[in-house]
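Participant: Structure: query-v5.txt, compact mmCIF, C-alpha atoms.
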# COMPACT_ATOMS: atom_id res chain seq x y z
CA MET A 1 0.00 0.00 0.00
CA ALA A 2 1.18 3.49 -0.79
CA ASN A 3 -0.29 6.80 0.22
CA VAL A 4 -1.23 8.54 -2.98
CA ALA A 5 -1.98 12.24 -3.10
CA LEU A 6 -5.10 12.93 -5.11
CA ASP A 7 -4.37 15.85 -7.37
CA ASP A 8 -7.36 18.10 -6.82
CA ARG A 9 -8.05 17.43 -3.12
CA ASP A 10 -6.08 18.00 0.03
CA GLU A 11 -6.03 14.38 1.00
CA THR A 12 -4.08 11.22 0.49
CA VAL A 13 -5.66 7.82 0.18
CA ALA A 14 -4.05 4.44 0.61
CA ARG A 15 -3.83 2.64 -2.73
CA PRO A 16 -2.31 -0.78 -3.39
CA ASP A 17 1.02 -0.89 -5.20
CA GLY A 18 2.18 -2.84 -8.26
CA LEU A 19 -0.16 -4.92 -10.40
CA LYS A 20 -2.92 -4.83 -7.77
CA GLY A 21 -2.69 -1.06 -7.85
CA PHE A 22 -2.85 -1.11 -11.64
CA ALA A 23 -6.05 -3.19 -11.52
CA ALA A 24 -7.52 -1.05 -8.75
CA ASP A 25 -6.71 2.24 -10.51
CA TRP A 26 -8.16 1.08 -13.80
CA ALA A 27 -11.34 -0.37 -12.23
CA SER A 28 -14.52 1.38 -13.32
CA ASP A 29 -16.18 4.60 -12.16
CA GLN A 30 -13.10 6.54 -11.11
CA ARG A 31 -10.20 8.44 -12.58
CA ALA A 32 -7.42 6.08 -13.64
CA PHE A 33 -4.40 8.32 -13.10
CA LYS A 34 -4.51 8.96 -9.37
CA ASN A 35 -1.63 11.21 -8.47
CA VAL A 36 -1.09 12.70 -11.90
CA PRO A 37 -2.60 16.08 -12.80
CA TRP A 38 -4.79 15.99 -15.89
CA GLY A 39 -2.39 18.18 -17.83
CA LYS A 40 0.40 15.69 -17.34
CA ALA A 41 -1.78 12.70 -18.25
CA MET A 42 -2.91 14.50 -21.41
CA MET A 43 0.68 15.40 -22.32
CA TRP A 44 1.64 11.74 -21.98
CA ILE A 45 -1.25 10.70 -24.21
CA PHE A 46 -0.29 13.34 -26.77
CA LEU A 47 3.27 12.05 -26.68
CA LEU A 48 1.95 8.52 -27.21
CA SER A 49 0.13 9.67 -30.34
CA ASP A 50 3.25 11.50 -31.47
CA THR A 51 5.20 8.29 -30.93
CA PHE A 52 2.92 6.61 -33.44
CA ILE A 53 3.38 9.42 -35.95
CA PHE A 54 7.17 9.27 -35.78
CA SER A 55 7.05 5.47 -35.81
CA CYS A 56 5.08 5.59 -39.04
CA PHE A 57 7.71 7.89 -40.57
CA LEU A 58 10.57 5.66 -39.49
CA LEU A 59 8.66 2.57 -40.63
CA SER A 60 8.04 3.98 -44.08
CA TYR A 61 11.73 4.87 -44.24
CA MET A 62 12.59 1.28 -43.32
CA THR A 63 10.21 -0.12 -45.94
CA VAL A 64 11.51 2.19 -48.65
CA ARG A 65 15.11 1.37 -47.81
CA ILE A 66 14.53 -2.40 -47.74
CA SER A 67 12.68 -2.37 -51.06
CA SER A 68 15.16 -0.14 -52.92
CA THR A 69 17.18 -2.00 -55.54
CA VAL A 70 19.63 0.92 -55.78
CA PRO A 71 22.31 1.32 -53.08
CA TRP A 72 21.25 3.58 -50.19
CA PRO A 73 23.39 6.74 -49.79
CA ASN A 74 25.94 6.58 -46.97
CA PRO A 75 24.95 9.18 -44.32
CA SER A 76 28.39 8.92 -42.75
CA GLU A 77 29.93 10.56 -45.82
CA ILE A 78 27.06 12.90 -46.68
CA PHE A 79 27.05 14.51 -43.24
CA ALA A 80 30.83 14.72 -42.92
CA LEU A 81 32.36 18.12 -42.33
CA SER A 82 35.94 19.22 -42.59
CA PHE A 83 37.45 21.84 -40.33
CA GLY A 84 40.48 22.60 -42.46
CA GLY A 85 41.72 19.01 -42.61
CA ASP A 86 40.21 15.70 -43.68
CA PRO A 87 36.42 15.46 -43.42
CA ILE A 88 35.27 14.01 -40.09
CA PRO A 89 32.38 11.59 -40.68
CA LEU A 90 28.97 12.52 -39.29
CA ILE A 91 30.50 15.17 -37.03
CA LEU A 92 27.69 17.71 -37.40
CA ILE A 93 25.06 15.14 -36.42
CA ALA A 94 27.17 14.07 -33.45
CA ILE A 95 27.40 17.66 -32.23
CA MET A 96 23.64 18.07 -32.68
CA THR A 97 23.09 14.90 -30.65
CA PHE A 98 25.24 16.15 -27.79
CA ILE A 99 23.52 19.53 -27.85
CA LEU A 100 20.07 17.97 -27.63
CA ILE A 101 21.13 15.67 -24.79
CA SER A 102 22.58 18.64 -22.93
CA SER A 103 19.32 20.50 -23.38
CA SER A 104 17.49 17.49 -21.93
CA GLY A 105 19.83 17.61 -18.94
CA THR A 106 19.23 21.31 -18.27
CA MET A 107 15.47 20.75 -18.67
CA ALA A 108 15.46 17.95 -16.09
CA MET A 109 17.34 20.24 -13.70
CA ALA A 110 14.86 23.06 -14.40
CA VAL A 111 11.94 20.80 -13.42
CA ASN A 112 13.77 19.90 -10.22
CA PHE A 113 14.54 23.50 -9.26
CA GLY A 114 10.95 24.41 -10.08
CA TYR A 115 9.64 21.99 -7.47
CA ARG A 116 12.17 23.47 -5.04
CA ARG A 117 10.59 26.88 -5.71
CA ASP A 118 13.90 28.30 -6.93
CA ARG A 119 12.43 30.68 -9.48
CA LYS A 120 15.53 32.33 -10.90
CA THR A 121 17.52 29.12 -11.38
CA THR A 122 14.50 27.44 -12.99
CA ALA A 123 13.95 30.28 -15.44
CA ILE A 124 17.64 30.44 -16.35
CA LEU A 125 17.84 26.68 -16.88
CA ILE A 126 14.75 26.75 -19.10
CA LEU A 127 16.28 29.58 -21.13
CA VAL A 128 19.53 27.63 -21.49
CA THR A 129 17.43 24.69 -22.72
CA ALA A 130 15.73 26.96 -25.25
CA LEU A 131 19.12 28.26 -26.36
CA PHE A 132 20.40 24.72 -26.93
CA GLY A 133 17.21 23.96 -28.85
CA ALA A 134 17.60 27.06 -31.01
CA SER A 135 21.20 26.20 -31.82
CA PHE A 136 20.06 22.69 -32.76
CA VAL A 137 17.54 24.14 -35.22
CA GLY A 138 20.24 26.49 -36.52
CA MET A 139 22.57 23.59 -37.26
CA GLN A 140 19.74 21.77 -38.94
CA ALA A 141 19.10 24.81 -41.12
CA PHE A 142 22.80 24.82 -42.01
CA GLU A 143 22.65 21.11 -42.87
CA TRP A 144 19.54 21.54 -45.02
CA THR A 145 21.05 24.53 -46.83
CA LYS A 146 24.23 22.60 -47.54
CA LEU A 147 22.30 19.62 -48.91
CA ILE A 148 19.77 21.62 -50.95
CA VAL A 149 21.95 24.42 -52.32
CA ASP A 150 25.43 22.91 -52.55
CA GLU A 151 24.67 19.29 -53.30
CA GLY A 152 21.31 19.45 -55.04
CA VAL A 153 19.39 17.04 -52.83
CA ARG A 154 15.67 17.14 -53.58
CA PRO A 155 12.78 15.02 -52.30
CA TRP A 156 12.68 13.31 -55.70
CA THR A 157 16.38 13.04 -56.52
CA ASN A 158 19.87 13.25 -55.10
CA PRO A 159 23.40 12.73 -56.40
CA TYR A 160 24.32 9.84 -54.08
CA GLY A 161 22.04 6.90 -54.74
CA ALA A 162 18.47 5.80 -54.03
CA HIS A 163 16.12 8.72 -54.80
CA GLN A 164 13.95 8.00 -51.79
CA PHE A 165 16.76 9.26 -49.54
CA GLY A 166 15.77 12.89 -50.10
CA SER A 167 12.07 12.55 -49.33
CA VAL A 168 12.75 10.45 -46.23
CA PHE A 169 15.41 12.86 -45.00
CA PHE A 170 13.34 16.03 -45.43
CA MET A 171 10.21 14.42 -44.03
CA ILE A 172 11.73 12.97 -40.87
CA THR A 173 14.25 15.66 -39.93
CA GLY A 174 11.80 18.38 -40.98
CA PHE A 175 9.06 17.07 -38.73
CA HIS A 176 11.52 16.67 -35.87
CA GLY A 177 12.95 20.14 -36.41
CA PHE A 178 9.42 21.53 -36.36
CA HIS A 179 8.87 19.85 -32.99
CA VAL A 180 12.09 21.40 -31.68
CA SER A 181 11.09 24.86 -32.96
CA VAL A 182 7.65 24.68 -31.32
CA GLY A 183 9.35 23.45 -28.14
CA VAL A 184 11.71 26.44 -28.12
CA ILE A 185 8.78 28.86 -28.41
CA PHE A 186 6.94 27.20 -25.52
CA LEU A 187 10.10 27.03 -23.43
CA VAL A 188 10.49 30.79 -23.72
CA ILE A 189 6.84 31.29 -22.72
CA VAL A 190 7.19 29.01 -19.68
CA ALA A 191 10.50 30.66 -18.71
CA ARG A 192 8.80 34.06 -18.73
CA LYS A 193 5.99 32.77 -16.53
CA VAL A 194 8.46 31.28 -14.06
CA TRP A 195 10.60 34.42 -14.04
CA ARG A 196 7.60 36.65 -13.30
CA GLY A 197 6.48 34.29 -10.55
CA ASP A 198 3.15 33.46 -12.20
CA PHE A 199 3.12 30.04 -10.56
CA ASP A 200 3.71 31.53 -7.09
CA ASN A 201 1.20 34.37 -7.40
CA ASN A 202 -1.57 32.31 -9.00
CA THR A 203 -1.57 34.58 -12.06
CA ARG A 204 -4.00 33.36 -14.67
CA GLY A 205 -2.61 32.31 -18.05
CA PHE A 206 -3.15 34.51 -21.11
CA PHE A 207 -4.63 31.68 -23.16
CA THR A 208 -6.57 29.37 -20.85
CA SER A 209 -7.19 31.87 -18.02
CA ARG A 210 -6.25 29.08 -15.62
CA LYS A 211 -3.90 29.29 -12.70
CA GLY A 212 -0.66 27.48 -13.40
CA ASN A 213 1.72 25.75 -11.06
CA TYR A 214 5.16 24.22 -11.25
CA GLU A 215 3.75 21.05 -12.80
CA THR A 216 3.56 23.14 -15.96
CA VAL A 217 7.36 23.09 -15.99
CA GLU A 218 7.36 19.30 -15.65
CA ILE A 219 4.79 18.94 -18.45
CA MET A 220 6.91 21.21 -20.65
CA GLY A 221 9.86 19.00 -19.69
CA LEU A 222 8.01 15.88 -20.80
CA TYR A 223 7.53 17.37 -24.26
CA TRP A 224 11.16 18.45 -24.46
CA HIS A 225 12.51 15.07 -23.36
CA PHE A 226 10.29 13.47 -25.97
CA VAL A 227 11.89 15.60 -28.68
CA ASP A 228 15.26 14.33 -27.46
CA LEU A 229 13.90 10.79 -27.37
CA VAL A 230 12.76 10.94 -30.99
CA TRP A 231 16.20 12.22 -31.98
CA VAL A 232 17.78 9.17 -30.29
CA PHE A 233 15.80 6.96 -32.67
CA ILE A 234 16.41 9.13 -35.74
CA PHE A 235 20.13 9.29 -34.97
CA ALA A 236 20.34 5.52 -34.65
CA VAL A 237 18.22 4.28 -37.53
CA PHE A 238 18.63 7.08 -40.06
CA TYR A 239 22.12 8.48 -39.56
CA LEU A 240 24.03 5.51 -38.15
CA TRP A 241 22.35 2.52 -39.83
CA MET B 1 -4.68 24.68 -3.71
CA ALA B 2 -3.75 21.09 -3.11
CA LYS B 3 -0.29 20.33 -1.82
CA HIS B 4 1.61 19.00 -4.80
CA GLU B 5 4.37 16.63 -3.91
CA GLY B 6 5.52 16.48 -7.53
CA GLN B 7 8.56 14.61 -8.70
CA VAL B 8 11.33 15.79 -6.41
CA HIS B 9 14.54 13.80 -6.63
CA PRO B 10 18.15 14.59 -5.80
CA ILE B 11 19.99 16.63 -8.47
CA GLY B 12 22.73 13.99 -8.51
CA VAL B 13 20.40 11.50 -10.21
CA TYR B 14 19.99 13.81 -13.20
CA LEU B 15 23.69 14.59 -13.44
CA LYS B 16 24.60 10.89 -13.45
CA ILE B 17 22.03 10.07 -16.13
CA TRP B 18 23.19 13.07 -18.14
CA ALA B 19 26.79 11.83 -18.03
CA LEU B 20 25.65 8.32 -18.93
CA LEU B 21 23.71 9.64 -21.95
CA PHE B 22 26.81 11.50 -23.10
CA VAL B 23 28.93 8.37 -22.86
CA LEU B 24 26.33 6.25 -24.68
CA SER B 25 26.04 8.85 -27.47
CA LEU B 26 29.81 8.92 -27.76
CA PHE B 27 29.87 5.12 -28.06
CA SER B 28 27.23 5.11 -30.79
CA TYR B 29 29.19 7.80 -32.64
CA LEU B 30 32.38 5.76 -32.31
CA VAL B 31 30.57 2.80 -33.91
CA ASP B 32 30.39 4.91 -37.05
CA TYR B 33 33.80 6.52 -36.61
CA PHE B 34 35.63 3.18 -36.47
CA HIS B 35 33.55 1.73 -39.34
CA VAL B 36 32.14 -1.20 -37.43
CA GLU B 37 30.10 -2.99 -40.08
CA SER B 38 27.21 -5.38 -40.61
CA TYR B 39 25.53 -7.27 -37.77
CA LEU B 40 27.89 -6.04 -35.04
CA ARG B 41 27.19 -2.45 -36.12
CA TRP B 42 23.40 -2.87 -36.09
CA THR B 43 23.43 -4.70 -32.77
CA LEU B 44 25.57 -2.03 -31.10
CA ILE B 45 23.48 0.82 -32.53
CA LEU B 46 20.26 -0.76 -31.29
CA ILE B 47 21.67 -1.54 -27.84
CA PHE B 48 22.88 2.04 -27.34
CA MET B 49 19.63 3.40 -28.76
CA PHE B 50 17.42 1.43 -26.38
CA MET B 51 19.66 2.17 -23.39
CA LYS B 52 19.46 5.92 -24.10
CA ALA B 53 15.72 5.80 -24.73
CA GLY B 54 15.19 3.82 -21.52
CA LEU B 55 17.22 6.26 -19.41
CA ILE B 56 15.40 9.29 -20.82
CA VAL B 57 11.93 7.82 -20.29
CA ALA B 58 12.67 6.23 -16.90
CA VAL B 59 14.56 9.05 -15.20
CA PHE B 60 14.22 12.33 -17.11
CA MET B 61 10.52 11.74 -17.74
CA HIS B 62 10.09 10.20 -14.27
CA MET B 63 8.38 7.08 -15.56
CA ARG B 64 10.03 4.80 -12.99
CA TRP B 65 8.40 6.78 -10.18
CA GLU B 66 4.89 6.81 -11.66
CA ARG B 67 2.12 4.39 -10.73
CA LEU B 68 1.72 1.36 -12.97
CA ALA B 69 -1.68 2.65 -14.16
CA LEU B 70 0.09 5.40 -16.14
CA THR B 71 3.21 3.42 -17.04
CA TYR B 72 1.25 0.62 -18.70
CA ALA B 73 -1.17 3.01 -20.42
CA ILE B 74 1.76 4.76 -22.12
CA LEU B 75 4.36 2.03 -22.59
CA LEU B 76 2.22 -0.92 -23.70
CA PRO B 77 0.58 0.56 -26.87
CA PRO B 78 3.96 1.09 -28.62
CA VAL B 79 4.40 -2.70 -28.52
CA LEU B 80 1.98 -2.73 -31.45
CA ILE B 81 4.65 -0.89 -33.44
CA MET B 82 6.80 -4.02 -33.21
CA VAL B 83 4.06 -5.91 -35.03
CA PHE B 84 3.94 -3.15 -37.62
CA ILE B 85 7.73 -3.36 -38.06
CA ALA B 86 7.50 -7.12 -38.65
CA MET B 87 4.72 -6.64 -41.22
CA MET B 88 6.53 -3.91 -43.10
CA THR B 89 9.80 -5.87 -43.16
CA LEU B 90 7.97 -8.69 -44.93
CA GLU B 91 6.29 -6.20 -47.26
CA GLY B 92 9.59 -4.48 -48.02
CA ASP B 93 11.34 -7.76 -48.77
CA TYR B 94 8.46 -8.75 -51.05
CA THR B 95 8.62 -5.45 -52.96
CA PHE B 96 12.39 -5.83 -53.30
CA ALA B 97 12.00 -9.36 -54.70
CA THR B 98 9.27 -8.22 -57.10
CA ARG B 99 11.41 -5.37 -58.37
CA GLY B 100 14.28 -7.80 -58.84
CA ASP B 101 12.05 -10.08 -60.91
CA PHE B 102 10.42 -7.47 -63.11
CA PHE B 103 12.77 -4.52 -63.38
CA ALA B 104 16.18 -6.21 -63.36
CA ILE B 105 18.27 -5.03 -66.32
CA GLY B 106 20.62 -7.27 -68.28
CA ILE B 107 20.04 -10.53 -66.42
Translate the structure described by the file into structure tokens.
Facilitator:
Amino acid sequence: MANVALDDRDETVARPDGLKGFAADWASDQRAFKNVPWGKAMMWIFLLSDTFIFSCFLLSYMTVRISSTVPWPNPSEIFALSFGGDPIPLILIAIMTFILISSSGTMAMAVNFGYRRDRKTTAILILVTALFGASFVGMQAFEWTKLIVDEGVRPWTNPYGAHQFGSVFFMITGFHGFHVSVGVIFLVIVARKVWRGDFDNNTRGFFTSRKGNYETVEIMGLYWHFVDLVWVFIFAVFYLW
Amino acid sequence: MAKHEGQVHPIGVYLKIWALLFVLSLFSYLVDYFHVESYLRWTLILIFMFMKAGLIVAVFMHMRWERLALTYAILLPPVLIMVFIAMMTLEGDYTFATRGDFFAIGI
């Protein structure tokens, strides 16, 4: 048995743990997610649906690559960069990966400092996260420009090999980059709210007119970690495979 | 306002996972850098990928501290994707074979 705080009431109730708890929580005529605010549950469900969207992209990429009779272009060479000397394979993508992981780290710390009611540190950490995110998008823009302008990669053709490479590349990295961009915008909004102390003063939000609290930072964090999570899969199956 | 306990854990946990994610990313990059090929390459990539994904979901997204009601609701549906992957692998192989039969040049 564990004491579980119900989200919208000032009380805790004893709920069984483990599988028994799972059965008890999902039994009828009650809310299933006991100690989780609705916003967090909904964010998780949105992320689940987003998982399916990205899975479908990666699956179609897999299908297209398996069924191609022409050799698939080698990402290791395409995304190589040279800093004066010999080209270093995949270096730009590696840097982007480290940047996104760092942003995930600062976001996790921001959530933590939020729950500790350390407003300034939280806001700064969120802004650092946003900065990492923006630099990620910037590098992606650089990569796209290089491929489109210098090397003539198009969704329907490219100079390296199987034509499907272009469409898959623009579709998957474009959709992911869009997620990062939206995340950066929302990070800045949440950082502003934290900095002003909206969650301490019960200020109502400009859009929903609801009072926020520091769980908003955690929910924002869930989205941001998901963006990093998707990149883990893209990095592995698209760039490294 | 209800008292929100929230997910409060020691900072050290995040720093350790952060470092671990860095190391795992470095390893997966080195797989490419040292031109590990074929089955060893794919196995290593997938191992590092799932380890990173697991760490992010379990610790950064706090899944290991949630009640099973939420964990199962979120983590079980993606299992269906595995079925989808199996189906599309078969489909892809079939398309490849068909293209080989009908579009092959000079055989």
Participant: Quick one: residues within 8 Å of range 81-90 of chain B, all atoms listed in the file, excluding same-chain residues fewer than 3 positions away - as a VMD selection string?
Facilitator: (chain A and resid 52 55 59 62 to 63 66) or (chain B and resid 77 to 78 93 to 94)
Participant: Give me, please, the distance in Å between CA of Trp65 in chain B and CA of Gly18 in chain A, quoted to one decimal.
Facilitator: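 Going from CA of Trp65 in chain B over to CA of Gly18 in chain A covers 11.6 Å.
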Participant: Figure out the distance between CA of Tyr160 in chain A and CA of Asn74 in chain A, please, to one decimal in Å.
Facilitator: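 Straight-line distance from CA of Asn74 in chain A to CA of Tyr160 in chain A works out to 8.0 Å.
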Participant: Can you check which residues of chain B have any atom within 7 Å of chain A? Use all atoms listed in the file and format it as number ranges by chain.
Facilitator: B: 2-3, 6, 8, 11, 14, 18, 22, 29, 32-33, 42, 45, 49, 53, 56, 60-61, 68-70, 74, 85, 88-89, 92-93, 95-96
Participant: Got a sec: who's within 12 Å of Arg64 in chain B, counting only C-alpha atoms, leaving out chain neighbours fewer than 6 positions off, as number ranges by chain?
Facilitator: A: 18; B: 7, 9, 54-58, 70-72, 75
Participant: How many Å separate CA of Val184 in chain A from CA of Met63 in chain B?
Facilitator: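 Straight-line distance from CA of Val184 in chain A to CA of Met63 in chain B works out to 23.3 Å.
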